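Presented below is the structure to which this report refers.
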Amino acid sequence: MMRSLLMPVRLLVDFVAGVGQGALFFLRLCLLGLASLRRPRLVVDQMHFIGNYSLSIIMVSGLLVGFILGLQGYYTLRQFGSEETVGLVVTLSLVRELGPIVTALLFAGRAGTSLTAEIGLMKAGEQLDAMEMMAVDPVERVLAPRFLAAVLSMPLLAALFSALGVLGGYLVGVELIGVDAGSFWSQMQAGVDWFDDVGNGAIKSVVFGFTVAFVALYVGYRAQPTPEGVARATTTTVVASSLAVLALDFVLTALMFGAY
Amino acid sequence: MPARRPETAAARAVSARAFKLPGLSVRAEVPPFPPYVLDYTLDSSDLDRDLLVLDHVRFGYRERKVLEDVSLRFGRGRIVALIGGSGSGKTTILRLIGGKLRPQHGRVVFDGQDVHRLDSTGLYALRRRIGMLYQFGALFTDLNVFENVAFPIREHTDLPSPLVRDLVLMKLEAVGLRGASRLRTSQLSGGMARRVALARAIALDPQLVMYDEPFTGLDPVSLATVSNLIRRLTDTLGCTSILVSHDIDKSFAIADYVYLLAGGRIAAQGTPAQMRASDDPNVRQFLDGGVDGPIAFHYQARPIAEDLGVPR
C-alpha cells in the first residue's frame with residue numbers, strides 16, 4: 001500500500017535525478033569539448049569521420065529538397081501571379097527552417113547512430129573500462145572530441161544543405177520552368193535578411209548540433225553493454241534526438257520570428 | 001650472485017633495457033613464499049614487504065554478497081593466482097584493486113597507499129602503475145596494433161615520436177608481434193589480440209599487472225605462449241602479477257602462490273605444490289572437478305518439489 005503510494009514520488013525523484021545527471025554530463029562534455037581543442041588532431045579526425053561521411057547524404061538531400069520547394073512554390077505562387085518570388089520562398093524556407101531541421105534529422109540518422117553504436121560497442125568490449133584502468137578518462141579522450149566535432153560540423157553541413165537547396169530551386173524554377181532569372185535572384189536578395197534569416201538559421205543549427213551530439217553520446221555512454229542494449233540505444237538516439245530537434249525548433253521559431 | 005629480482009626503479013629501468021634482447025628468458029630464483037595465515041593483523045612491515053594487500057575486504061551488491069571477508073597479500077615480483085568458480089568474486093577483486101569498486105569494509109593497500117582514500121588524481125596516478133589484461137583483450141577497435149600499444153605512452157608521456165616508436169616496437173617484440181604492428185585489430189586472432197593487449201598493459205612498465213582470465217578460449221599453442229609470456233614478463237620486469245583464472249594446470253604451472261576463493265571467502269591457499277597435496281574438500285573438488293562438494297553446483301533456490309508444486 002505504502003509502496004504504491006510512494007510510487008509517483010519515486011518516479012519523480014528518479015526523473016529529477018536523471019535530468020540532473022544528463023545536465024551535468026552535458027556541462028562536462030561542453031567543458032571537455034573546449035579542452036579538447038588542445039589536441040586538435042583528435043577533433044579534426046572526428047570531423048573528418050562525422051562530417052565528411054555525412055556530406056553526400058546532406059548534399060543530395062539538399063538538392064532534392066530544393067527541387068521540391070521550387071516546384072511546389074511555383075505551383076502555389078502561380079495562382080497569385082507572383083511566381084517570380086519563388087526564389088525568395090525557397091530560400092526563406094531553407095535558411096530559416098528546412099536547412100537546420102532536415103540537416104539535424106539526417107545527421108541524427110547518419111552520424112548520431114554511428115556515434116551511439118561506436119561508444120556502446122566500445123563499452124561492451126570493455127574498451128572504455130580498459131581506458132579508465134590506464135588512467136585515461138574516456139569522456140575526455142573519446143567523447144569530448146566527438147562532441148566538439150559534431151557541434152562544429154552541424155552548422156557547416158546545414159549551410160551546405162541550404163546552398164544546394166537554393167541551387168535546386170534555381171534549377172527547377174529558372175532552368176526547367178522558365179521563371180525570370182533576374183527576378184529570381186533579386187527578389188531573394190531583397191527579401192532575405194542576413195541577421196534575421198541566415199543568422200537565426202545558423203543559431204538553430206548550432207543548437208541542434210549540441211542537441212544531437214549530446215543525445216547520441218549520452219545514450220551511447222549509458223547503453224547496456226550488450227548487443228540488445230546497443231541496438232536499443234541506437235534506436236533511442238534517432239527517436240530522442242529527432243523529437244528534441246523538432247520541439248526545440250518550434251520554441252526557437254516562436255522566439256526568433258515572433259515579430260512577423 | 002644469483003640473478004636477483006630487480007626491486008628498485010633503477011633496476012626496473014635496467015630490466016626494461018634488457019628487454020631488447022630477443023628470446024630473453026630469465027627465471028629468477030624465487031625465495032620461498034612465507035606461509036601466511038589467513039587471519040592476520042597488518043603491521044607496517046607487512047605493508048613494506050608486499051606490493052599489494054587486501055585487508056579484510058567485504059563487498060556485495062544489494063542483496064548478493066560477493067566477498068564476505070577476504071584478506072590477500074601479493075608479494076613483490078610474484079605471480080599470485082586467484083582461482084575459483086565463476087561468480088566467486090575473482091574479477092570483483094581486480095575491480096576493487098583498480099579502484100573501480102569500493103569495498104564496504106576493509107581496505108586495499110597498494111605500495112603503502114589506501115586505494116580508496118585517494119582522490120581522483122591520486123587514483124589515476126596509481127592506475128598508471130598498474131597494467132591490466134582483459135579477458136578478450138579490450139583493444140581499441142579504432143586504432144591499429146601499433147597505436148594500441150602506443151596509446152598509454154602517448155597519453156601519459158611527452159616522449160618524441162621516434163622514442164615512442166622504439167618503445168612500442170620493443171614491447172611488441174617482447175610478445176613476438178613486432179611484425180604485426182601495422183595490422184588492424186580486426187585482423188588479429190584471439191591469441192594475437194591477447195598478446196597485443198599484454199604489450200599494451202606493460203607499455204608503461206607497471207609495478208602490478210592484473211590478468212583477467214588470460215587463458216580463456218585460446219588454442220593450445222597460444223595458451224602456452226601466453227602463459228610463458230606472463231612468467232617471463234613478470235621476471236624480467238620485476239613486477240607483481242595477479243592471475244585470475246580457472247585453468248588449474250596453466251596457472252599452477254607459473255604461479256608462486258595460489259588463493260582459492262569460494263563462498264566469498266578464501267577457501268584455501270598455498271603454493272601450487274601445497275595445493276595439489278592438500279586434502280581440503282574445497283581444493284579437492286576444484287582440482288578434481290567434482291560436482292559434489294562444498295562448492296554448490298545449484299544457484300540458491302527453493303526446494304524443487306515446492307517449485308514444481310508436487311508433494312514431497
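Letters for chains follow the order of the C-alpha cells (A, B, ...), residue numbers begin at 1 for each chain, and ligand numbers begin at 1 in the order shown.
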
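Those residues that approach stretch 66-78 of chain B to within 7 Å, counting only C-alpha atoms, are Arg5, Leu38, Arg49, Asp50, Leu51, Leu52, Val53, Leu54, Asp55, His56, Val57, Arg58, Phe59, Gly60, Ser88, Gly89, Thr234, Asp235, Gly238, Cys239, Thr240, Ser241, Asp256, Gly264, Arg265 and Ile266 of chain B; same-chain residues fewer than 6 positions away are not listed.
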
Identify all chain B residues at most 10 Å from chain A by counting only C-alpha atoms; ligands do not count. Present them as a PDB file with N, CA and C atoms, in the first residue's frame.
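Full text of out-v6.pdb as output:
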```
ATOM      1  N   ARG B  95      38.605  -5.410  -9.772  1.00  0.00           N
ATOM      2  CA  ARG B  95      37.964  -4.089  -9.875  1.00  0.00           C
ATOM      3  C   ARG B  95      38.136  -3.292  -8.584  1.00  0.00           C
ATOM      4  N   GLY B  98      41.697  -1.920  -8.705  1.00  0.00           N
ATOM      5  CA  GLY B  98      41.821  -0.795  -9.629  1.00  0.00           C
ATOM      6  C   GLY B  98      41.036   0.433  -9.184  1.00  0.00           C
ATOM      7  N   GLY B  99      40.310   0.326  -8.068  1.00  0.00           N
ATOM      8  CA  GLY B  99      39.545   1.466  -7.580  1.00  0.00           C
ATOM      9  C   GLY B  99      38.258   1.697  -8.345  1.00  0.00           C
ATOM     10  N   LYS B 100      37.820   0.707  -9.141  1.00  0.00           N
ATOM     11  CA  LYS B 100      36.559   0.853  -9.872  1.00  0.00           C
ATOM     12  C   LYS B 100      35.387   0.568  -8.946  1.00  0.00           C
ATOM     13  N   SER B 120      40.581  11.567  -7.099  1.00  0.00           N
ATOM     14  CA  SER B 120      40.633  11.018  -8.458  1.00  0.00           C
ATOM     15  C   SER B 120      42.014  11.209  -9.087  1.00  0.00           C
ATOM     16  N   THR B 121      42.706  12.304  -8.750  1.00  0.00           N
ATOM     17  CA  THR B 121      44.055  12.487  -9.288  1.00  0.00           C
ATOM     18  C   THR B 121      44.994  11.412  -8.770  1.00  0.00           C
ATOM     19  N   LEU B 123      44.139   8.504  -7.647  1.00  0.00           N
ATOM     20  CA  LEU B 123      43.748   7.200  -8.173  1.00  0.00           C
ATOM     21  C   LEU B 123      44.295   7.014  -9.587  1.00  0.00           C
ATOM     22  N   TYR B 124      44.213   8.087 -10.390  1.00  0.00           N
ATOM     23  CA  TYR B 124      44.722   7.996 -11.758  1.00  0.00           C
ATOM     24  C   TYR B 124      46.237   7.805 -11.749  1.00  0.00           C
ATOM     25  N   ALA B 125      46.902   8.471 -10.811  1.00  0.00           N
ATOM     26  CA  ALA B 125      48.360   8.308 -10.703  1.00  0.00           C
ATOM     27  C   ALA B 125      48.694   6.869 -10.346  1.00  0.00           C
ATOM     28  N   LEU B 126      47.856   6.293  -9.470  1.00  0.00           N
ATOM     29  CA  LEU B 126      48.085   4.909  -9.065  1.00  0.00           C
ATOM     30  C   LEU B 126      47.849   3.946 -10.225  1.00  0.00           C
ATOM     31  N   ARG B 127      46.792   4.241 -11.001  1.00  0.00           N
ATOM     32  CA  ARG B 127      46.468   3.322 -12.104  1.00  0.00           C
ATOM     33  C   ARG B 127      47.563   3.306 -13.162  1.00  0.00           C
ATOM     34  N   ARG B 128      48.339   4.380 -13.228  1.00  0.00           N
ATOM     35  CA  ARG B 128      49.448   4.393 -14.182  1.00  0.00           C
ATOM     36  C   ARG B 128      50.482   3.338 -13.821  1.00  0.00           C
ATOM     37  N   ARG B 129      50.479   2.909 -12.559  1.00  0.00           N
ATOM     38  CA  ARG B 129      51.450   1.898 -12.131  1.00  0.00           C
ATOM     39  C   ARG B 129      50.875   0.494 -12.223  1.00  0.00           C
ATOM     40  N   ILE B 130      49.657   0.394 -12.739  1.00  0.00           N
ATOM     41  CA  ILE B 130      49.002  -0.911 -12.864  1.00  0.00           C
ATOM     42  C   ILE B 130      48.699  -1.185 -14.331  1.00  0.00           C
ATOM     43  N   GLY B 131      49.012  -2.382 -14.784  1.00  0.00           N
ATOM     44  CA  GLY B 131      48.589  -2.771 -16.127  1.00  0.00           C
ATOM     45  C   GLY B 131      47.521  -3.828 -15.991  1.00  0.00           C
ATOM     46  N   MET B 132      46.558  -3.829 -16.913  1.00  0.00           N
ATOM     47  CA  MET B 132      45.524  -4.850 -16.806  1.00  0.00           C
ATOM     48  C   MET B 132      45.297  -5.502 -18.157  1.00  0.00           C
ATOM     49  N   LEU B 133      45.249  -6.821 -18.131  1.00  0.00           N
ATOM     50  CA  LEU B 133      44.948  -7.561 -19.352  1.00  0.00           C
ATOM     51  C   LEU B 133      43.514  -8.080 -19.247  1.00  0.00           C
ATOM     52  N   TYR B 134      42.676  -7.632 -20.150  1.00  0.00           N
ATOM     53  CA  TYR B 134      41.271  -8.051 -20.098  1.00  0.00           C
ATOM     54  C   TYR B 134      41.089  -9.403 -20.767  1.00  0.00           C
ATOM     55  N   GLN B 135      39.965 -10.039 -20.400  1.00  0.00           N
ATOM     56  CA  GLN B 135      39.693 -11.394 -20.874  1.00  0.00           C
ATOM     57  C   GLN B 135      39.789 -11.506 -22.390  1.00  0.00           C
ATOM     58  N   PHE B 136      39.191 -10.545 -23.101  1.00  0.00           N
ATOM     59  CA  PHE B 136      39.241 -10.609 -24.560  1.00  0.00           C
ATOM     60  C   PHE B 136      40.110  -9.498 -25.135  1.00  0.00           C
ATOM     61  N   GLY B 137      41.023  -8.978 -24.324  1.00  0.00           N
ATOM     62  CA  GLY B 137      41.976  -8.009 -24.825  1.00  0.00           C
ATOM     63  C   GLY B 137      41.532  -6.563 -24.668  1.00  0.00           C
ATOM     64  N   ALA B 138      40.248  -6.290 -25.016  1.00  0.00           N
ATOM     65  CA  ALA B 138      39.724  -4.922 -24.963  1.00  0.00           C
ATOM     66  C   ALA B 138      40.618  -3.951 -25.731  1.00  0.00           C
ATOM     67  N   LEU B 139      41.104  -4.384 -26.885  1.00  0.00           N
ATOM     68  CA  LEU B 139      41.884  -3.468 -27.729  1.00  0.00           C
ATOM     69  C   LEU B 139      40.961  -2.405 -28.307  1.00  0.00           C
ATOM     70  N   PHE B 140      41.509  -1.223 -28.542  1.00  0.00           N
ATOM     71  CA  PHE B 140      40.697  -0.151 -29.113  1.00  0.00           C
ATOM     72  C   PHE B 140      40.486  -0.442 -30.597  1.00  0.00           C
ATOM     73  N   THR B 141      39.227  -0.583 -30.977  1.00  0.00           N
ATOM     74  CA  THR B 141      38.936  -1.052 -32.332  1.00  0.00           C
ATOM     75  C   THR B 141      39.209   0.016 -33.382  1.00  0.00           C
ATOM     76  N   ASP B 142      39.275   1.293 -32.964  1.00  0.00           N
ATOM     77  CA  ASP B 142      39.511   2.339 -33.962  1.00  0.00           C
ATOM     78  C   ASP B 142      41.001   2.606 -34.172  1.00  0.00           C
ATOM     79  N   PHE B 151      49.198   3.870 -27.193  1.00  0.00           N
ATOM     80  CA  PHE B 151      48.185   4.696 -26.527  1.00  0.00           C
ATOM     81  C   PHE B 151      48.580   5.160 -25.119  1.00  0.00           C
ATOM     82  N   PRO B 152      48.876   4.217 -24.195  1.00  0.00           N
ATOM     83  CA  PRO B 152      49.218   4.693 -22.844  1.00  0.00           C
ATOM     84  C   PRO B 152      50.476   5.545 -22.830  1.00  0.00           C
ATOM     85  N   GLU B 155      49.521   8.998 -24.051  1.00  0.00           N
ATOM     86  CA  GLU B 155      48.632   9.710 -23.136  1.00  0.00           C
ATOM     87  C   GLU B 155      49.370  10.216 -21.904  1.00  0.00           C
ATOM     88  N   HIS B 156      50.399   9.471 -21.475  1.00  0.00           N
ATOM     89  CA  HIS B 156      50.986   9.797 -20.179  1.00  0.00           C
ATOM     90  C   HIS B 156      52.397  10.353 -20.247  1.00  0.00           C
ATOM     91  N   ARG B 200      50.343  -3.811 -24.542  1.00  0.00           N
ATOM     92  CA  ARG B 200      49.792  -2.522 -24.139  1.00  0.00           C
ATOM     93  C   ARG B 200      49.780  -2.392 -22.619  1.00  0.00           C
ATOM     94  N   ALA B 201      49.445  -3.504 -21.943  1.00  0.00           N
ATOM     95  CA  ALA B 201      49.368  -3.458 -20.482  1.00  0.00           C
ATOM     96  C   ALA B 201      50.732  -3.174 -19.850  1.00  0.00           C
ATOM     97  N   LEU B 204      53.879   0.900 -19.969  1.00  0.00           N
ATOM     98  CA  LEU B 204      54.473   1.882 -19.066  1.00  0.00           C
ATOM     99  C   LEU B 204      55.278   1.220 -17.941  1.00  0.00           C
TER     100      LEU B 204
END
```

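For A:Val245, the set of protein, DNA and RNA residues having any atom at most 9 Å away, when counting only C-alpha atoms and skipping those fewer than 3 positions along the same chain, is A:Ile101, A:Ala104, A:Leu105, A:Val207, A:Phe208, A:Thr211, A:Val212, A:Ala240, A:Ser241, A:Ser242, A:Leu248, A:Asp249, A:Phe250.
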
May I ask which of the residues A:Leu77, A:Leu106, A:Ala150, A:Ala244 is the closest one to A:Gly51, counting only C-alpha atoms? A:Ala150

As an MDAnalysis selection string, list the residues of stretch 155-297 of chain B assigned to strand (DSSP E) by DSSP on the backbone atoms of this structure. chainID B and resid 208:212 240:245 257:262 265:270
